[in-house]
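Undergrad: Data: model-v8.txt, compact mmCIF, C-alpha atoms and all ligand atoms.
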# COMPACT_ATOMS: atom_id res chain seq x y z
CA MET R 17 26.75 225.81 -100.62
CA THR R 18 28.60 222.47 -100.47
CA GLY R 19 29.21 220.11 -97.56
CA PHE R 20 27.13 219.44 -94.48
CA SER R 21 26.48 221.85 -91.64
CA ASN R 22 28.83 220.77 -88.85
CA ARG R 23 28.48 221.78 -85.18
CA GLN R 24 31.87 221.59 -83.49
CA LEU R 25 32.83 222.03 -79.85
CA LEU R 26 36.21 223.72 -79.53
CA LEU R 27 38.54 223.97 -76.58
CA LYS R 28 38.34 227.70 -75.82
CA GLN R 29 40.67 227.73 -72.84
CA ARG R 30 42.48 225.18 -70.68
CA PRO R 31 40.64 224.25 -67.47
CA HIS R 32 41.79 225.27 -64.04
CA GLY R 33 40.25 222.46 -62.00
CA ARG R 34 36.85 221.26 -63.17
CA PRO R 35 36.22 221.90 -66.86
CA GLY R 36 33.27 224.31 -66.79
CA PRO R 37 31.38 225.92 -69.70
CA GLU R 38 34.06 228.64 -69.98
CA CYS R 39 36.41 226.00 -71.45
CA TYR R 40 34.34 225.47 -74.61
CA GLU R 41 33.01 227.39 -77.57
CA TRP R 42 30.86 226.40 -80.51
CA ARG R 43 31.72 226.75 -84.19
CA GLU R 44 29.36 226.01 -87.02
CA SER R 45 31.12 225.23 -90.29
CA ARG R 46 30.61 223.28 -93.54
CA THR R 47 32.33 219.94 -94.01
CA ALA R 48 35.19 219.79 -96.51
CA ALA R 49 35.87 216.92 -98.91
CA PRO R 50 38.23 214.23 -97.59
CA ALA R 51 41.76 214.13 -99.06
CA ASP R 52 43.47 210.96 -100.33
CA GLY R 53 43.58 208.35 -97.54
CA GLU R 54 40.82 210.09 -95.56
CA LEU R 55 37.15 209.54 -94.75
CA LEU R 56 34.32 211.98 -94.12
CA VAL R 57 32.23 210.43 -91.35
CA ARG R 58 28.96 211.29 -89.60
CA ASN R 59 29.53 210.86 -85.88
CA LEU R 60 26.77 208.84 -84.21
CA TYR R 61 28.00 208.19 -80.66
CA LEU R 62 30.72 209.96 -78.68
CA SER R 63 32.61 208.21 -75.89
CA LEU R 64 33.24 210.46 -72.88
CA ASP R 65 36.42 209.22 -71.25
CA PRO R 66 38.35 210.53 -68.24
CA ALA R 67 41.47 210.65 -70.44
CA ILE R 68 39.98 213.59 -72.35
CA ARG R 69 40.42 215.70 -69.22
CA GLY R 70 44.19 215.07 -69.41
CA TRP R 71 44.29 216.03 -73.10
CA MET R 72 42.75 219.42 -72.17
CA ASP R 73 45.85 220.28 -70.12
CA ASP R 74 49.13 221.48 -71.57
CA ALA R 75 51.08 218.69 -69.91
CA PRO R 76 53.31 215.93 -71.24
CA SER R 77 51.32 212.78 -71.86
CA TYR R 78 51.02 209.81 -74.23
CA MET R 79 49.03 212.05 -76.64
CA PRO R 80 49.64 215.69 -77.51
CA PRO R 81 47.39 218.19 -75.73
CA ILE R 82 44.29 219.36 -77.61
CA PRO R 83 45.41 222.74 -79.00
CA VAL R 84 43.39 225.71 -77.74
CA GLY R 85 40.95 226.67 -80.52
CA SER R 86 40.75 223.09 -81.86
CA VAL R 87 37.90 220.61 -81.80
CA MET R 88 37.68 218.56 -78.60
CA ARG R 89 39.08 215.07 -79.20
CA GLY R 90 37.09 211.90 -78.53
CA THR R 91 36.42 208.39 -79.75
CA THR R 92 33.27 208.04 -81.84
CA ILE R 93 31.25 205.45 -83.65
CA ALA R 94 30.48 206.94 -87.04
CA ARG R 95 29.03 206.24 -90.48
CA VAL R 96 31.24 206.75 -93.53
CA ILE R 97 29.73 209.40 -95.82
CA GLU R 98 32.57 209.70 -98.33
CA SER R 99 35.68 207.56 -98.63
CA ARG R 100 38.99 208.25 -100.32
CA CYS R 101 40.60 205.32 -98.57
CA ASP R 102 40.85 201.72 -99.81
CA GLY R 103 38.85 199.29 -97.71
CA PHE R 104 36.14 201.76 -96.65
CA LEU R 105 32.85 202.45 -98.44
CA PRO R 106 30.05 204.94 -97.81
CA GLY R 107 27.69 203.41 -95.28
CA ASP R 108 30.40 201.51 -93.40
CA ILE R 109 30.23 201.88 -89.62
CA VAL R 110 33.62 202.76 -88.17
CA GLN R 111 35.20 203.58 -84.84
CA GLY R 112 37.98 206.12 -84.51
CA LEU R 113 39.60 208.94 -82.60
CA ASN R 114 37.57 211.89 -83.90
CA GLY R 115 36.01 214.93 -82.31
CA TRP R 116 33.11 216.45 -80.40
CA GLU R 117 31.39 217.35 -83.67
CA ASP R 118 28.67 216.16 -86.03
CA TYR R 119 31.07 215.23 -88.84
CA SER R 120 34.79 214.46 -88.85
CA ILE R 121 37.46 214.08 -91.48
CA THR R 122 39.52 211.15 -90.30
CA PRO R 123 42.41 209.06 -91.60
CA GLY R 124 41.39 205.57 -92.69
CA ALA R 125 44.32 204.19 -90.68
CA GLY R 126 45.67 204.29 -87.12
CA PHE R 127 42.80 204.31 -84.65
CA THR R 128 40.12 204.01 -87.35
CA ALA R 129 38.63 200.56 -87.87
CA LYS R 130 35.40 199.04 -89.07
CA VAL R 131 32.98 198.03 -86.35
CA PRO R 132 32.43 194.24 -86.47
CA LEU R 133 28.68 194.32 -87.09
CA GLU R 134 28.71 190.51 -87.41
CA LEU R 135 28.82 190.39 -83.59
CA LYS R 136 25.23 191.70 -83.72
CA ARG R 137 25.64 193.97 -80.71
CA PRO R 138 24.26 197.50 -80.18
CA LEU R 139 26.72 200.02 -81.61
CA THR R 140 27.30 201.60 -78.20
CA ASN R 141 28.78 198.29 -76.97
CA PHE R 142 31.80 199.00 -79.19
CA LEU R 143 32.56 202.03 -77.01
CA SER R 144 31.96 200.12 -73.79
CA VAL R 145 32.25 196.44 -73.03
CA LEU R 146 33.53 195.48 -76.51
CA GLY R 147 35.47 198.72 -76.93
CA PRO R 148 38.28 200.61 -75.25
CA THR R 149 36.99 200.37 -71.67
CA GLY R 150 36.11 196.66 -71.78
CA LEU R 151 39.44 195.87 -73.40
CA THR R 152 41.31 198.01 -70.89
CA ALA R 153 39.82 195.82 -68.20
CA TYR R 154 40.62 192.65 -70.12
CA PHE R 155 44.23 193.31 -71.16
CA GLY R 156 45.11 195.20 -68.00
CA LEU R 157 43.94 192.45 -65.71
CA ILE R 158 45.01 189.43 -67.78
CA ASP R 159 48.32 190.73 -69.13
CA VAL R 160 49.60 192.97 -66.34
CA GLY R 161 47.70 191.81 -63.25
CA ARG R 162 48.08 188.12 -64.15
CA PRO R 163 45.63 186.90 -61.50
CA GLN R 164 45.75 183.25 -60.45
CA ARG R 165 42.74 181.22 -59.27
CA GLY R 166 42.17 181.78 -55.55
CA GLU R 167 44.02 185.11 -55.45
CA THR R 168 42.40 188.37 -54.31
CA VAL R 169 41.80 191.07 -56.92
CA LEU R 170 40.93 194.53 -55.63
CA VAL R 171 39.72 197.20 -58.07
CA SER R 172 38.98 200.89 -57.49
CA GLY R 173 36.43 202.81 -59.56
CA ALA R 174 34.73 199.45 -59.44
CA ALA R 175 31.27 200.49 -60.61
CA GLY R 176 32.65 202.35 -63.62
CA ALA R 177 33.08 201.24 -67.22
CA VAL R 178 36.52 199.70 -66.70
CA GLY R 179 36.25 198.68 -63.05
CA SER R 180 32.94 196.83 -63.31
CA ILE R 181 34.41 194.59 -66.01
CA VAL R 182 37.68 194.02 -64.11
CA GLY R 183 35.86 192.54 -61.09
CA GLN R 184 33.69 190.29 -63.23
CA ILE R 185 36.69 188.90 -65.14
CA ALA R 186 38.41 188.30 -61.80
CA ALA R 187 35.35 186.36 -60.61
CA ILE R 188 35.23 184.34 -63.87
CA LEU R 189 38.89 183.42 -63.28
CA GLY R 190 38.08 182.11 -59.80
CA CYS R 191 39.53 185.01 -57.84
CA HIS R 192 38.15 186.72 -54.75
CA ALA R 193 36.87 189.95 -56.38
CA VAL R 194 36.58 193.10 -54.27
CA GLY R 195 35.51 196.53 -55.53
CA ILE R 196 35.83 200.05 -54.15
CA ALA R 197 33.09 202.42 -55.32
CA GLY R 198 31.20 205.52 -54.22
CA GLY R 199 27.77 204.93 -52.70
CA ALA R 200 25.60 202.12 -51.35
CA GLN R 201 23.69 201.63 -54.61
CA LYS R 202 26.82 201.13 -56.66
CA CYS R 203 28.23 198.76 -54.06
CA SER R 204 25.12 196.60 -53.95
CA TRP R 205 25.09 196.45 -57.78
CA LEU R 206 28.60 195.01 -57.60
CA THR R 207 27.84 192.29 -55.06
CA GLU R 208 24.23 191.48 -55.95
CA GLN R 209 24.33 191.68 -59.75
CA LEU R 210 27.93 191.39 -60.89
CA GLY R 211 29.29 188.63 -58.66
CA PHE R 212 31.85 190.66 -56.70
CA ASP R 213 32.57 188.97 -53.38
CA ALA R 214 32.67 192.28 -51.48
CA ALA R 215 32.40 196.00 -52.10
CA ILE R 216 33.73 198.95 -50.11
CA ASP R 217 31.94 202.30 -50.18
CA TYR R 218 34.86 204.72 -50.03
CA LYS R 219 32.51 207.66 -49.42
CA ARG R 220 31.26 206.09 -46.17
CA GLU R 221 34.26 204.23 -44.81
CA ALA R 222 36.34 206.37 -42.49
CA GLY R 223 39.23 203.89 -42.29
CA LEU R 224 39.86 202.51 -45.75
CA GLY R 225 42.86 200.42 -44.66
CA ALA R 226 40.72 198.52 -42.15
CA ALA R 227 37.87 198.16 -44.66
CA ILE R 228 40.26 196.67 -47.23
CA GLN R 229 41.66 194.32 -44.61
CA ALA R 230 38.14 193.13 -43.73
CA ALA R 231 37.08 192.65 -47.37
CA CYS R 232 40.39 191.03 -48.36
CA PRO R 233 41.15 188.75 -45.36
CA ASP R 234 43.91 186.93 -47.28
CA GLY R 235 45.54 190.18 -48.43
CA VAL R 236 45.61 191.79 -51.88
CA ASP R 237 47.40 189.99 -54.74
CA VAL R 238 46.30 192.23 -57.61
CA TYR R 239 45.27 195.87 -57.30
CA PHE R 240 43.71 197.44 -60.40
CA ASP R 241 43.79 201.18 -59.70
CA ASN R 242 41.45 203.43 -61.67
CA VAL R 243 41.40 206.24 -59.12
CA GLY R 244 44.93 207.01 -57.84
CA GLY R 245 45.48 209.36 -54.90
CA PRO R 246 45.56 208.45 -51.23
CA LEU R 247 43.76 205.14 -51.74
CA LEU R 248 47.05 203.57 -52.84
CA GLU R 249 48.48 204.11 -49.39
CA SER R 250 45.65 202.07 -47.82
CA VAL R 251 46.10 199.33 -50.41
CA LEU R 252 49.88 199.17 -49.96
CA ALA R 253 49.29 198.41 -46.29
CA ASN R 254 47.40 195.25 -47.33
CA ILE R 255 49.40 193.73 -50.18
CA ASN R 256 50.77 190.19 -50.28
CA GLU R 257 54.19 188.90 -51.33
CA ARG R 258 54.67 189.36 -55.09
CA ALA R 259 51.53 191.50 -55.41
CA ARG R 260 50.92 193.19 -58.78
CA LEU R 261 49.65 196.79 -58.58
CA LEU R 262 48.40 198.09 -61.89
CA MET R 263 48.09 201.84 -62.46
CA CYS R 264 45.33 202.20 -65.04
CA GLY R 265 43.94 205.60 -64.10
CA ALA R 266 44.11 208.33 -61.49
CA ILE R 267 40.77 210.12 -61.90
CA SER R 268 40.80 211.48 -58.32
CA GLY R 269 43.57 213.85 -59.39
CA TYR R 270 42.54 214.81 -62.93
CA ASN R 271 40.94 218.09 -61.81
CA ALA R 272 43.47 218.77 -59.05
CA VAL R 273 45.14 222.16 -59.22
CA GLU R 274 48.03 220.96 -57.06
CA PRO R 275 49.57 217.49 -57.53
CA PRO R 276 48.27 215.08 -54.87
CA PRO R 277 50.76 213.86 -52.24
CA GLY R 278 52.48 210.58 -53.03
CA PRO R 279 51.95 207.44 -50.91
CA ARG R 280 54.13 207.51 -47.79
CA ASN R 281 54.51 203.74 -47.64
CA LEU R 282 55.78 202.96 -51.14
CA TRP R 283 58.56 200.97 -49.47
CA GLN R 284 55.96 198.23 -48.94
CA LEU R 285 56.79 197.30 -52.54
CA ILE R 286 60.28 196.33 -51.31
CA VAL R 287 59.05 194.52 -48.23
CA LYS R 288 56.62 192.43 -50.30
CA SER R 289 58.77 192.10 -53.46
CA ALA R 290 55.75 193.62 -55.21
CA ARG R 291 55.44 195.31 -58.58
CA LEU R 292 53.75 198.63 -59.48
CA GLU R 293 53.23 198.96 -63.21
CA GLY R 294 51.55 201.45 -65.53
CA PHE R 295 49.30 200.33 -68.35
CA LEU R 296 47.98 201.94 -71.57
CA ILE R 297 45.34 200.30 -73.73
CA LYS R 298 46.82 201.86 -76.84
CA SER R 299 49.71 199.38 -76.58
CA TYR R 300 47.19 196.62 -77.29
CA LEU R 301 45.67 197.90 -80.56
CA GLY R 302 47.24 194.93 -82.39
CA ARG R 303 45.43 192.46 -80.09
CA TRP R 304 42.02 194.18 -80.18
CA ALA R 305 40.25 191.37 -82.06
CA GLU R 306 41.54 188.73 -79.64
CA GLY R 307 40.31 190.61 -76.57
CA ARG R 308 36.99 191.49 -78.17
CA ALA R 309 36.33 187.86 -79.14
CA GLN R 310 36.83 186.74 -75.54
CA MET R 311 34.67 189.55 -74.15
CA ALA R 312 31.92 188.78 -76.69
CA ALA R 313 32.01 185.10 -75.72
CA TRP R 314 31.64 185.97 -72.02
CA LEU R 315 28.80 188.37 -72.86
CA ASP R 316 27.00 185.72 -74.91
CA ALA R 317 27.42 183.23 -72.06
CA GLY R 318 25.87 185.73 -69.64
CA LEU R 319 29.05 185.85 -67.58
CA ILE R 320 29.61 189.59 -68.04
CA LYS R 321 27.00 192.28 -67.39
CA HIS R 322 27.45 195.95 -68.12
CA ARG R 323 25.68 199.28 -68.10
CA GLU R 324 25.75 202.23 -70.46
CA HIS R 325 24.69 205.76 -69.58
CA VAL R 326 23.69 207.48 -72.83
CA ASP R 327 23.01 211.24 -72.77
CA ARG R 328 21.30 212.74 -75.80
CA GLY R 329 22.66 215.61 -77.89
CA LEU R 330 26.13 216.91 -78.71
CA GLU R 331 25.11 220.22 -77.10
CA ASN R 332 25.02 218.44 -73.73
CA ALA R 333 28.52 216.92 -73.99
CA PRO R 334 30.30 219.46 -71.71
CA GLN R 335 27.74 219.00 -68.92
CA SER R 336 27.66 215.26 -69.42
CA PHE R 337 31.48 215.06 -69.23
CA LEU R 338 31.32 216.28 -65.62
CA ARG R 339 29.42 213.15 -64.61
CA LEU R 340 32.71 211.26 -64.71
CA PHE R 341 34.08 213.37 -61.88
CA ASP R 342 30.84 213.40 -59.88
CA GLY R 343 30.19 209.66 -60.30
CA ASN R 344 26.75 210.67 -61.53
CA HIS R 345 26.39 207.96 -64.19
CA ASP R 346 25.86 204.21 -64.31
CA GLY R 347 28.46 202.46 -66.44
CA LYS R 348 30.04 203.67 -69.67
CA LEU R 349 29.29 207.34 -70.39
CA ILE R 350 28.28 208.01 -73.99
CA VAL R 351 26.67 210.88 -75.90
CA ASP R 352 24.18 210.09 -78.64
CA ILE R 353 25.06 212.69 -81.29
CA ALA R 354 22.87 211.69 -84.20
CA GLY R 355 19.64 210.49 -82.53
CA LYS R 356 17.35 208.78 -85.05
CA GLU R 357 20.03 208.90 -87.75
CA ALA R 358 21.88 206.09 -85.97
CA PRO R 359 21.10 202.63 -87.39
N1 LIG F 401 45.31 203.22 -68.96
C1 LIG F 401 44.41 203.17 -69.93
O1 LIG F 401 44.70 202.83 -71.09
C2 LIG F 401 42.99 203.56 -69.61
C3 LIG F 401 41.94 203.31 -70.51
C4 LIG F 401 40.63 203.65 -70.12
C5 LIG F 401 40.41 204.23 -68.88
N2 LIG F 401 41.47 204.48 -68.06
C6 LIG F 401 41.27 205.06 -66.72
O2 LIG F 401 40.42 204.20 -66.00
C7 LIG F 401 39.67 204.95 -65.05
C8 LIG F 401 38.19 204.62 -65.22
O3 LIG F 401 37.76 205.07 -66.50
P1 LIG F 401 36.26 204.76 -66.98
O4 LIG F 401 36.19 205.20 -68.39
O5 LIG F 401 35.90 203.38 -66.61
O6 LIG F 401 35.44 205.79 -66.11
P2 LIG F 401 34.29 205.42 -65.07
O7 LIG F 401 34.92 204.57 -64.00
O8 LIG F 401 33.13 204.87 -65.80
O9 LIG F 401 33.87 206.82 -64.48
C9 LIG F 401 34.69 207.47 -63.59
C10 LIG F 401 34.35 207.10 -62.14
O10 LIG F 401 35.44 207.49 -61.32
C11 LIG F 401 34.95 207.66 -60.00
N3 LIG F 401 35.57 208.86 -59.42
C12 LIG F 401 35.51 210.13 -59.88
N4 LIG F 401 36.19 210.95 -59.05
C13 LIG F 401 36.67 210.17 -58.05
C14 LIG F 401 37.44 210.43 -56.88
N5 LIG F 401 37.87 211.67 -56.58
N6 LIG F 401 37.76 209.39 -56.06
C15 LIG F 401 37.32 208.14 -56.35
N7 LIG F 401 36.60 207.83 -57.44
C16 LIG F 401 36.26 208.83 -58.28
C17 LIG F 401 33.43 207.83 -60.08
O11 LIG F 401 32.84 206.67 -59.52
P3 LIG F 401 32.34 206.66 -57.98
O12 LIG F 401 30.91 207.05 -58.02
O13 LIG F 401 32.57 205.25 -57.58
O14 LIG F 401 33.17 207.65 -57.24
C18 LIG F 401 33.16 207.85 -61.58
O15 LIG F 401 31.94 207.26 -61.92
C19 LIG F 401 40.01 206.41 -65.29
O16 LIG F 401 40.99 206.83 -64.34
C20 LIG F 401 40.60 206.42 -66.69
O17 LIG F 401 41.49 207.47 -66.90
C21 LIG F 401 42.75 204.16 -68.40
Take the structure in the file and write it out as structure tokens.
Ligand SMILES: NC(=O)c1ccc[n+]([C@@H]2O[C@H](COP(=O)([O-])OP(=O)(O)OC[C@H]3O[C@@H](n4cnc5c(N)ncnc54)[C@H](OP(=O)(O)O)[C@@H]3O)[C@@H](O)[C@H]2O)c1

TA:
Amino acid sequence: MTGFSNRQLLLKQRPHGRPGPECYEWRESRTAAPADGELLVRNLYLSLDPAIRGWMDDAPSYMPPIPVGSVMRGTTIARVIESRCDGFLPGDIVQGLNGWEDYSITPGAGFTAKVPLELKRPLTNFLSVLGPTGLTAYFGLIDVGRPQRGETVLVSGAAGAVGSIVGQIAAILGCHAVGIAGGAQKCSWLTEQLGFDAAIDYKREAGLGAAIQAACPDGVDVYFDNVGGPLLESVLANINERARLLMCGAISGYNAVEPPPGPRNLWQLIVKSARLEGFLIKSYLGRWAEGRAQMAAWLDAGLIKHREHVDRGLENAPQSFLRLFDGNHDGKLIVDIAGKEAP
């Protein structure tokens, strides 16, 4: 028999609400040889991202839905086993949009790139602070939010992979950094360890508008929204003239069966001459190296801290994925697929 034994998690059916075990099925197959321009890679670490939940639905988005019966899609760090693509050799460590599987056949172009091992960082960092989530924070805040020294930056999902970096960059830039997160422990991590000026526990605060007003006494200049939903209404009530509201994510609605109601005070954008703008990290692939260099410099200088929550075993990926919706993880959520095989 040729090829390697490959465990693959397939999308069995589209979720209705939370993606439970009924949504997945296993297939065990043998790897094929890569075609011209392709690589066969051994997946080492799988990034579990809220966006995957959107790809499980049959809904128009920036990526096609995962077809039912196909391998679940996800970003991985992987080792090249066989290359039929110029510029890649067996043994290279790469990052790419692959699958929830032990091995993937992947094009040596597009999302696939070599991991810059010269930065001498743990491989998982290239899925977190030096990878898509860290760079989402960086480009979203710097390019779209455009915070100025002394302004107030408010971020939701603030203890998560993206949000925790957003607040720290805001603090580095001399802004008043305020986070909204679920639970006292997460909130004290933000203010005591990460340099946020204030944190709001949305699970405890009955009146979020008043809590935002208290934590942002000069009003909100930049809102980095990772959560969506009714929170926006409370934020809109507190924005300043020319505020920039950045829609990065809307995780509070990803499992919703009915679309959530829209904010009733959107007209505040008119009153304050404010801007509400969507953002996608995939528009910044061409500037990846620039953002990563800045993030690495801040990391080296001890100005940015981050956490990674690594669950072991591909077989646990479906259960682990649910942590994103329960908040039951600290920092970037990753699955270690290969265990001791990882360098
Ligand atoms: N636009 C882009 O290109 C881009 C790129 C990457 C990520 N994103 C988006 O950015 C957001 C954060 O992603 P991430 O990877 O950093 O995930 P994450 O923040 O590390 O994890 C998700 C967090 O969302 C919070 N959450 C879950 N359900 C919630 C609810 N109903 N209300 C309020 N908070 C809830 C939980 O934190 P608590 O414990 O605090 O509730 C959970 O820990 C997501 O919406 C994602 O889709 C967008």

Undergrad: Taking 6 positions as the minimum chain separation for residues in the same chain, which residues sit within 8 Å of R:Thr128 when counting only C-alpha atoms? Answer as a ChimeraX atom specification.

TA: /R:110-113,122

Undergrad: Taking only C-alpha atoms and all ligand atoms into account, which residues have an atom no farther than 6 Å from ligand LIG 401 (chain F)? I'd like them as a list in words.

TA: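 After applying the 6 Å limit, what remains is Asp65, Pro66, Ala67, Thr149, Thr152, Gly173, Ala175, Gly176, Ala177, Val178, Gly179, Ala197, Gly198, Asn242, Val243, Cys264, Gly265, Ala266, Ile267, Ser268, Phe295, Leu296, Ile297, Leu340, Phe341, Asp342, Gly343, Gly347 and Lys348 of chain R.
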
Undergrad: Would you save the residues from that selection as a CSV table (one decimal), in the frame of the given file, using C-alpha atoms?

TA:
chain,number,residue,atom,x,y,z
R,65,ASP,CA,36.4,209.2,-71.2
R,66,PRO,CA,38.4,210.5,-68.2
R,67,ALA,CA,41.5,210.6,-70.4
R,149,THR,CA,37.0,200.4,-71.7
R,152,THR,CA,41.3,198.0,-70.9
R,173,GLY,CA,36.4,202.8,-59.6
R,175,ALA,CA,31.3,200.5,-60.6
R,176,GLY,CA,32.6,202.4,-63.6
R,177,ALA,CA,33.1,201.2,-67.2
R,178,VAL,CA,36.5,199.7,-66.7
R,179,GLY,CA,36.2,198.7,-63.0
R,197,ALA,CA,33.1,202.4,-55.3
R,198,GLY,CA,31.2,205.5,-54.2
R,242,ASN,CA,41.4,203.4,-61.7
R,243,VAL,CA,41.4,206.2,-59.1
R,264,CYS,CA,45.3,202.2,-65.0
R,265,GLY,CA,43.9,205.6,-64.1
R,266,ALA,CA,44.1,208.3,-61.5
R,267,ILE,CA,40.8,210.1,-61.9
R,268,SER,CA,40.8,211.5,-58.3
R,295,PHE,CA,49.3,200.3,-68.4
R,296,LEU,CA,48.0,201.9,-71.6
R,297,ILE,CA,45.3,200.3,-73.7
R,340,LEU,CA,32.7,211.3,-64.7
R,341,PHE,CA,34.1,213.4,-61.9
R,342,ASP,CA,30.8,213.4,-59.9
R,343,GLY,CA,30.2,209.7,-60.3
R,347,GLY,CA,28.5,202.5,-66.4
R,348,LYS,CA,30.0,203.7,-69.7

Undergrad: Using all atoms listed in the file, which protein or nucleic acid residues come within 10 Å of R:Ile181? Drop anything in the same chain fewer than 2 positions from it, and give the result as a PDB file with C-alpha atoms, keeping the file's coordinate frame.

TA:
ATOM      1  CA  SER R 144      31.960 200.120 -73.790  1.00  0.00           C
ATOM      2  CA  VAL R 145      32.250 196.440 -73.030  1.00  0.00           C
ATOM      3  CA  THR R 149      36.990 200.370 -71.670  1.00  0.00           C
ATOM      4  CA  GLY R 150      36.110 196.660 -71.780  1.00  0.00           C
ATOM      5  CA  LEU R 151      39.440 195.870 -73.400  1.00  0.00           C
ATOM      6  CA  THR R 152      41.310 198.010 -70.890  1.00  0.00           C
ATOM      7  CA  ALA R 153      39.820 195.820 -68.200  1.00  0.00           C
ATOM      8  CA  TYR R 154      40.620 192.650 -70.120  1.00  0.00           C
ATOM      9  CA  LEU R 157      43.940 192.450 -65.710  1.00  0.00           C
ATOM     10  CA  VAL R 171      39.720 197.200 -58.070  1.00  0.00           C
ATOM     11  CA  ALA R 174      34.730 199.450 -59.440  1.00  0.00           C
ATOM     12  CA  ALA R 175      31.270 200.490 -60.610  1.00  0.00           C
ATOM     13  CA  GLY R 176      32.650 202.350 -63.620  1.00  0.00           C
ATOM     14  CA  ALA R 177      33.080 201.240 -67.220  1.00  0.00           C
ATOM     15  CA  VAL R 178      36.520 199.700 -66.700  1.00  0.00           C
ATOM     16  CA  GLY R 179      36.250 198.680 -63.050  1.00  0.00           C
ATOM     17  CA  GLY R 183      35.860 192.540 -61.090  1.00  0.00           C
ATOM     18  CA  GLN R 184      33.690 190.290 -63.230  1.00  0.00           C
ATOM     19  CA  ILE R 185      36.690 188.900 -65.140  1.00  0.00           C
ATOM     20  CA  ALA R 186      38.410 188.300 -61.800  1.00  0.00           C
ATOM     21  CA  ALA R 187      35.350 186.360 -60.610  1.00  0.00           C
ATOM     22  CA  LEU R 210      27.930 191.390 -60.890  1.00  0.00           C
ATOM     23  CA  MET R 311      34.670 189.550 -74.150  1.00  0.00           C
ATOM     24  CA  ILE R 320      29.610 189.590 -68.040  1.00  0.00           C
ATOM     25  CA  LYS R 321      27.000 192.280 -67.390  1.00  0.00           C
ATOM     26  CA  HIS R 322      27.450 195.950 -68.120  1.00  0.00           C
ATOM     27  CA  GLY R 347      28.460 202.460 -66.440  1.00  0.00           C
TER      28      GLY R 347
END

Undergrad: Enter the distance from atom CA of R:Val194 to atom CA of R:Cys232, in Å, rounded to one decimal.

TA: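 The value is 7.3 Å.
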
Undergrad: Counting all atoms listed in the file, which residues sit no farther than 10 Å from the position (33.2, 217.1, -84.9) in the file's frame? I'd like them as number ranges by chain.

TA: R: 22-26, 43-45, 47, 57-59, 62, 87-90, 92, 114-121, 330, 353

Undergrad: For each of R:Leu261, R:Val182, R:Ala312, R:Val96, take the minimum atom-to-atom distance to R:Lys130, counting all atoms listed in the file, then give the residue where this is smallest.

TA: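 Smallest separation from R:Lys130 among the options: R:Val96.
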
Undergrad: Could you tell me which of R:Thr207, R:Tyr300, R:Thr168, R:Ala290 comes closest to R:Asp234 if we count only C-alpha atoms?

TA: R:Thr168

Undergrad: Please measure the separation of atom CA of R:Leu319 and atom CA of R:Gly199, giving the value in Å to one decimal.

TA: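 We find that atom CA of R:Leu319 and atom CA of R:Gly199 lie 24.2 Å from each other.
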
Undergrad: Of the candidates R:Leu206, R:Leu282, R:Leu170, R:Ala317, which shows the shortest atom-to-atom distance to R:Leu262, using all atoms listed in the file?

TA: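 Of R:Leu206, R:Leu282, R:Leu170, R:Ala317, the one nearest R:Leu262, counting all atoms listed in the file, is R:Leu170.
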
Undergrad: Measuring atom to atom with all atoms listed in the file, identify which of R:Leu60, R:Ala94, R:Met72, R:Ile188 is nearest to R:Asn271.

TA: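 Among the listed residues, R:Met72 lies closest to R:Asn271.
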